[in-house]
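Here's the structure, in structure tokens; my notes come after.
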Amino acid sequence: MAEALSEMKSLIEEINKHNYLYYTLDQPSISDADYDKLYDRLVALEKETGVVLSYSPTQRIGDAILKGFEPHRHRARLWSLDKAQSHEDLAAWHTRALKLVNDYNTQHPDNPLPPLSFVVELKFDGLTLNLTYEGGELVQASTRGNGTVGEGILPQVKTIKSIPLQIPYRDGIIEVQGEGIMNLSVLEEYNRTAAEPLKNARNAAAGALRNLNPKVTAERRLNAYFYNVGFSDNIQFADHREMIEFLRNNQFKVSPYVKFFDSIEEVEKELQTVADMRHSLDYLIDGAVVKITDMRTREVLGYTEKFPRWAVAYKFESEEATTILEAVNWNVGRTGKITPAAVVEPVELAGVTVRNCTLNNVDDIERKNLKHALGTLIYIRRSNDVIPEILGKVTEEQDGGEIVSPTHCPACGTPLEQRGAHLFCPNKLGCKPQAIAWLAHFASRDAMDIETFSEKTAEQLYEELGVRDPADLYDLQFADLIKLERFGEKKANNLLEAIDKSKTRPLASFLYALGIPNTGITTTKVLADHFLGLEPLMNATKEELLTLHDIGDIVAESIVSFFQDPNVQKSIDRMLQAGVSPQVEERAEPVNTDNPFFGKTVVLTGTLSTMGRDEAAKKLEALGAKITGSVSKKTDIVIAGESAGSKLTKAQELGIRIIDDEQELLKLLGEA
């Protein structure tokens, strides 16, 4: 056995080396026949010994069909990038970064930051991957998800032959980020024989990696490029060049297009070069990424709530085309809003075949001279590589078929209501797409977090058990579920347990689950923190709501009218009767209302040396402060640490009180 294991390890090392040369470096070193002999010998030894090592290349086949995606919490957050859509935007980003560096150097003359230098990389258009290696072995792979938690897709990722299953670096844990893509030449070859041709490379890659059958992933012969070490417990880099070299030395496929520059003027010239060569590449890109190279500078510049200040995505200018407007369909959303969606004659635009375009509402159709445009030529634009929009008719003549606005709901036939610029179906519970979308939203992770519940489940319960209202979920019985197709005993019990568990979700999550129009997670948290209970909120007046941060006329009216709806009141009452009890975080002890932060709206910005911003926020909230992320006229106090940026500037412009001395802050918190 020991001799066989030793031979297996040697074979794996040799095969992985040839895979690296072939798939990563494009430099094959042996013939296919010789490679097959090595591979076949390894397969034979694995059968003979009954042992398959986790990093064996035989694990790339992807035979097993998976039951579902397990959530994976990233060890370090995966950030989005701020966007620059013009050279003016890029210059503004550079000016902000330069000011922060200069301010830091003025305050730290003995240890200044180096002059700004930059790296330009391609912005691949695929699916973000986050790989975890422990002791040199690939132990997890996941999607980006919300930046904090993604979906575990290790079996799918193992099918990508350019991704190393084992790397030379063995000294700890690292997380490496990159992009899973499908090369355009591979897509073309795949479609020659495919029963169902794939529409574009981006969707092909994303669909393959998020497919529960890894064999589908393997069939699409995906590729992956890597550009970042997001987490490491035992290694640091001085600059981006050093990090890229580390990735190359550890057999990751790094883009051949990584350019370094010492001035923003050189960067601007290079961005034009990237835009010009875009359509000559064998993969899709939707822009370029500009980063500051020095790691210490990145640390000093830090992050906004959403983006790193040391990087920006330069998005390509929009591309336009002409095509025929074939039809306009009217879709029903979760809130009952009726939205027009245009179907156009297929046209190639920015490397993608376009079939559908967005239209906002009836006014949009009128404004763009599309009322009589069916069957005529129209202009479309794909801006920043999102779903294309219609710009208008090519000619001014009213020579096409008429787009007729519906008077009744296309799904349930209920007469529509005009609210502002939009049409709405008021039949909230009896309109199938509305009810299904509401049920799915109610059960989603940020809402009631009912595990195993999906839109398909919502549709099945709607069709077969008459579930119309979220309150109906709490009346479901085992006997109801077990008779449904694809519902075995285990699945039925799991769903009932998840529904029961959801009864004690936080109040903010419950309010979000209700789907109050014009409110999101942030607003429902503000409501929960202020009212500390469901009943006070349901009885709140518009005037009281308007006193809360970031709640204006439209949102306040939406909240009041929502809770005045008899159907909503009945639904909530039924849920409460069924045992739903939204939890409120009670303060441990009464707040001293004499403290300087009670009832104040506070914004934290910059780096605090004595405590983290999260810790400071918790202490301030415990004193009755409201913490928000943006500075406005409603802001009372801005607490500015080191390297505070645009929020501090705006506070100065508005004359808002600023606390920029940490000793003063500690004193006000009662800790000095």
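To be explicit about the labels: the chains of the structure tokens are called A, B, and onward in the order shown, and within each one the residues are counted from 1, while ligands get numbers from 1 in the order they are shown.
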- [ ] Do a neighbour search on His94 in chain A at 12 Å with only C-alpha atoms, toss out local chain neighbours closer than 5 positions, and write the hits as a list in words.
- [x] Ala84, His87, Glu88, Asp89, Lys99, Leu100, Val101, Leu116, Ser117, Phe118, Ser263, Ile264, Glu265, Val267, Glu268, Val290, Lys291, Ile292, Leu301, Arg309, Trp310, Ala311 and Val312 of chain A
Okay, now the selection with C-alpha atoms, as a compact mmCIF listing (two decimals), in the first residue's frame?
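As written to disk, result_10.txt reads:
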# COMPACT_ATOMS: atom_id res chain seq x y z
CA ALA A 84 -15.46 55.72 -13.43
CA HIS A 87 -11.68 60.52 -17.82
CA GLU A 88 -13.20 63.21 -15.61
CA ASP A 89 -14.40 60.52 -13.19
CA LYS A 99 -5.37 64.47 -1.22
CA LEU A 100 -5.62 61.66 1.33
CA VAL A 101 -1.99 60.70 0.72
CA LEU A 116 1.31 57.17 -6.18
CA SER A 117 1.88 54.44 -8.78
CA PHE A 118 -0.76 52.36 -10.52
CA SER A 263 1.47 58.57 -13.56
CA ILE A 264 -2.28 58.89 -14.04
CA GLU A 265 -1.63 60.32 -17.53
CA VAL A 267 -2.95 55.19 -17.09
CA GLU A 268 -5.40 57.23 -19.21
CA VAL A 290 -7.07 50.77 -11.95
CA LYS A 291 -5.44 50.14 -8.57
CA ILE A 292 -2.82 51.90 -6.48
CA LEU A 301 -6.73 55.04 2.13
CA ARG A 309 -10.67 54.07 -2.06
CA TRP A 310 -7.52 52.71 -3.72
CA ALA A 311 -9.17 51.13 -6.76
CA VAL A 312 -11.70 52.05 -9.42
Quick one: contact table of range 279-389 of chain A to range 126-139 of chain A, 10 Å max, nearest atom pair and distance in Å to one decimal per residue, counting only C-alpha atoms, chain and number order, as a Markdown table?
| residue | atom | partner | partner_atom | distance |
| --- | --- | --- | --- | --- |
| A:Tyr283 | CA | A:Gly126 | CA | 9.2 |
| A:Leu284 | CA | A:Gly126 | CA | 7.7 |
| A:Ile285 | CA | A:Gly126 | CA | 8.3 |
| A:Asp286 | CA | A:Gly126 | CA | 9.6 |
TODO: Please run DSSP on the backbone and report, as number ranges by chain, all residues within range 386-575 of chain A that come out as strand (DSSP E).
DONE: A: 389-393, 417-419, 422-424
Write a file of the just-selected residues containing N, CA and C atoms, as a PDB file, in the first residue's frame.
ATOM      1  N   GLU A 389     -31.015  49.389 -23.164  1.00  0.00           N
ATOM      2  CA  GLU A 389     -32.200  50.242 -23.115  1.00  0.00           C
ATOM      3  C   GLU A 389     -32.505  50.748 -24.518  1.00  0.00           C
ATOM      4  N   ILE A 390     -33.759  51.078 -24.747  1.00  0.00           N
ATOM      5  CA  ILE A 390     -34.160  51.649 -26.030  1.00  0.00           C
ATOM      6  C   ILE A 390     -34.021  53.164 -25.942  1.00  0.00           C
ATOM      7  N   LEU A 391     -33.338  53.746 -26.942  1.00  0.00           N
ATOM      8  CA  LEU A 391     -33.142  55.195 -26.956  1.00  0.00           C
ATOM      9  C   LEU A 391     -34.272  55.911 -27.692  1.00  0.00           C
ATOM     10  N   GLY A 392     -34.821  55.264 -28.719  1.00  0.00           N
ATOM     11  CA  GLY A 392     -35.888  55.896 -29.482  1.00  0.00           C
ATOM     12  C   GLY A 392     -35.992  55.312 -30.875  1.00  0.00           C
ATOM     13  N   LYS A 393     -36.933  55.840 -31.668  1.00  0.00           N
ATOM     14  CA  LYS A 393     -37.099  55.412 -33.056  1.00  0.00           C
ATOM     15  C   LYS A 393     -36.018  56.024 -33.932  1.00  0.00           C
ATOM     16  N   GLU A 417     -54.574  50.297 -11.686  1.00  0.00           N
ATOM     17  CA  GLU A 417     -54.616  51.633 -11.105  1.00  0.00           C
ATOM     18  C   GLU A 417     -53.377  52.409 -11.542  1.00  0.00           C
ATOM     19  N   GLN A 418     -53.567  53.702 -11.833  1.00  0.00           N
ATOM     20  CA  GLN A 418     -52.443  54.573 -12.176  1.00  0.00           C
ATOM     21  C   GLN A 418     -51.958  55.245 -10.892  1.00  0.00           C
ATOM     22  N   ARG A 419     -50.683  55.027 -10.558  1.00  0.00           N
ATOM     23  CA  ARG A 419     -50.077  55.692  -9.396  1.00  0.00           C
ATOM     24  C   ARG A 419     -48.806  56.373  -9.869  1.00  0.00           C
ATOM     25  N   HIS A 422     -46.602  55.025 -12.968  1.00  0.00           N
ATOM     26  CA  HIS A 422     -46.673  53.576 -13.125  1.00  0.00           C
ATOM     27  C   HIS A 422     -48.096  53.045 -12.995  1.00  0.00           C
ATOM     28  N   LEU A 423     -48.331  51.905 -13.629  1.00  0.00           N
ATOM     29  CA  LEU A 423     -49.580  51.163 -13.496  1.00  0.00           C
ATOM     30  C   LEU A 423     -49.386  50.070 -12.449  1.00  0.00           C
ATOM     31  N   PHE A 424     -50.439  49.830 -11.646  1.00  0.00           N
ATOM     32  CA  PHE A 424     -50.347  48.808 -10.609  1.00  0.00           C
ATOM     33  C   PHE A 424     -51.584  47.918 -10.641  1.00  0.00           C
TER      34      PHE A 424
END
- [ ] Would you list the contacts of range 517-529 of chain A as a PyMOL selection string, taking every protein, DNA or RNA residue within 10 Å and counting only C-alpha atoms, but skipping same-chain residues closer than 4 positions in sequence?
- [x] chain A and resi 334-335+446-447+506-513+533-534+536-537+545+548-551+554-559+561-562+582-586+621+624+626-628
Task: Å distance separating CA of Glu455 in chain A from CA of Ala440 in chain A, one decimal place - done: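 Rounded to one decimal, the two atoms are 5.2 Å apart.
Between CA of Ser142 in chain A and CA of His72 in chain A the interatomic distance comes to 6.6 Å.
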Task: range 481-483 of chain A surroundings by only C-alpha atoms, 10 Å radius, close-in-sequence under 5 positions cut, as a PyMOL selection string - done: chain A and resi 461+464-465+476+488-493+495-496
TODO: Would you kindly return, as a list in words, each protein, DNA or RNA residue with an atom no farther than 7 Å from any atom of range 430-434 of chain A, considering only C-alpha atoms and excluding same-chain residues fewer than 5 positions away?
DONE: Val332, Gly333, Arg334, Thr335, Gly336, Ala411 and Cys412 of chain A
Open item on the list: With only C-alpha atoms as the counted atoms, please give the residues lying no more than 8 Å from Ser630 in chain A, apart from itself and same-chain residues fewer than 2 positions off, as a ChimeraX atom specification.
Closed with: /A:603,628,632,647
Go ahead and dump the residues you just picked, N, CA and C atoms, as a PDB file, in the first residue's frame.
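File produced: again.pdb:
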ATOM      1  N   VAL A 603     -22.486  60.279  11.998  1.00  0.00           N
ATOM      2  CA  VAL A 603     -21.769  59.603  10.912  1.00  0.00           C
ATOM      3  C   VAL A 603     -20.323  59.403  11.346  1.00  0.00           C
ATOM      4  N   THR A 628     -25.681  56.565  10.831  1.00  0.00           N
ATOM      5  CA  THR A 628     -25.994  56.464   9.403  1.00  0.00           C
ATOM      6  C   THR A 628     -24.703  56.528   8.600  1.00  0.00           C
ATOM      7  N   SER A 632     -25.807  64.390   5.581  1.00  0.00           N
ATOM      8  CA  SER A 632     -26.859  65.208   4.986  1.00  0.00           C
ATOM      9  C   SER A 632     -27.209  66.322   5.962  1.00  0.00           C
ATOM     10  N   LYS A 647     -16.814  62.620   3.278  1.00  0.00           N
ATOM     11  CA  LYS A 647     -17.853  62.856   4.286  1.00  0.00           C
ATOM     12  C   LYS A 647     -17.453  64.018   5.197  1.00  0.00           C
TER      13      LYS A 647
END
TODO: Could you check which of A:Lys600, A:Arg381, A:Lys619, A:Lys161 is closest to Ala224 in chain A, using only C-alpha atoms?
DONE: A:Lys161
Once you count only C-alpha atoms, what closest atom pair and distance in Å to one decimal does each residue of range 302-346 of chain A within 12 Å of range 357-375 of chain A have, with rows by chain and rising residue number, as JSON lines?
{"residue": "A:Thr323", "atom": "CA", "partner": "A:Gly375", "partner_atom": "CA", "distance": 9.6}
{"residue": "A:Ile324", "atom": "CA", "partner": "A:Gly375", "partner_atom": "CA", "distance": 5.9}
{"residue": "A:Leu325", "atom": "CA", "partner": "A:Gly375", "partner_atom": "CA", "distance": 5.4}
{"residue": "A:Glu326", "atom": "CA", "partner": "A:Gly375", "partner_atom": "CA", "distance": 5.4}
{"residue": "A:Ala327", "atom": "CA", "partner": "A:Leu374", "partner_atom": "CA", "distance": 6.4}
{"residue": "A:Val328", "atom": "CA", "partner": "A:Leu374", "partner_atom": "CA", "distance": 8.2}
{"residue": "A:Asn329", "atom": "CA", "partner": "A:Leu359", "partner_atom": "CA", "distance": 10.1}
{"residue": "A:Trp330", "atom": "CA", "partner": "A:Asn361", "partner_atom": "CA", "distance": 9.8}
{"residue": "A:Asn331", "atom": "CA", "partner": "A:Asn361", "partner_atom": "CA", "distance": 11.0}
{"residue": "A:Lys337", "atom": "CA", "partner": "A:Asn361", "partner_atom": "CA", "distance": 9.6}
{"residue": "A:Ile338", "atom": "CA", "partner": "A:Asn361", "partner_atom": "CA", "distance": 8.0}
{"residue": "A:Thr339", "atom": "CA", "partner": "A:Asn361", "partner_atom": "CA", "distance": 6.0}
{"residue": "A:Pro340", "atom": "CA", "partner": "A:Leu359", "partner_atom": "CA", "distance": 5.6}
{"residue": "A:Ala341", "atom": "CA", "partner": "A:Thr358", "partner_atom": "CA", "distance": 5.4}
{"residue": "A:Ala342", "atom": "CA", "partner": "A:Cys357", "partner_atom": "CA", "distance": 5.1}
{"residue": "A:Val343", "atom": "CA", "partner": "A:Cys357", "partner_atom": "CA", "distance": 6.5}
{"residue": "A:Val344", "atom": "CA", "partner": "A:Cys357", "partner_atom": "CA", "distance": 7.3}
{"residue": "A:Glu345", "atom": "CA", "partner": "A:Gly375", "partner_atom": "CA", "distance": 9.4}
{"residue": "A:Pro346", "atom": "CA", "partner": "A:Cys357", "partner_atom": "CA", "distance": 10.7}
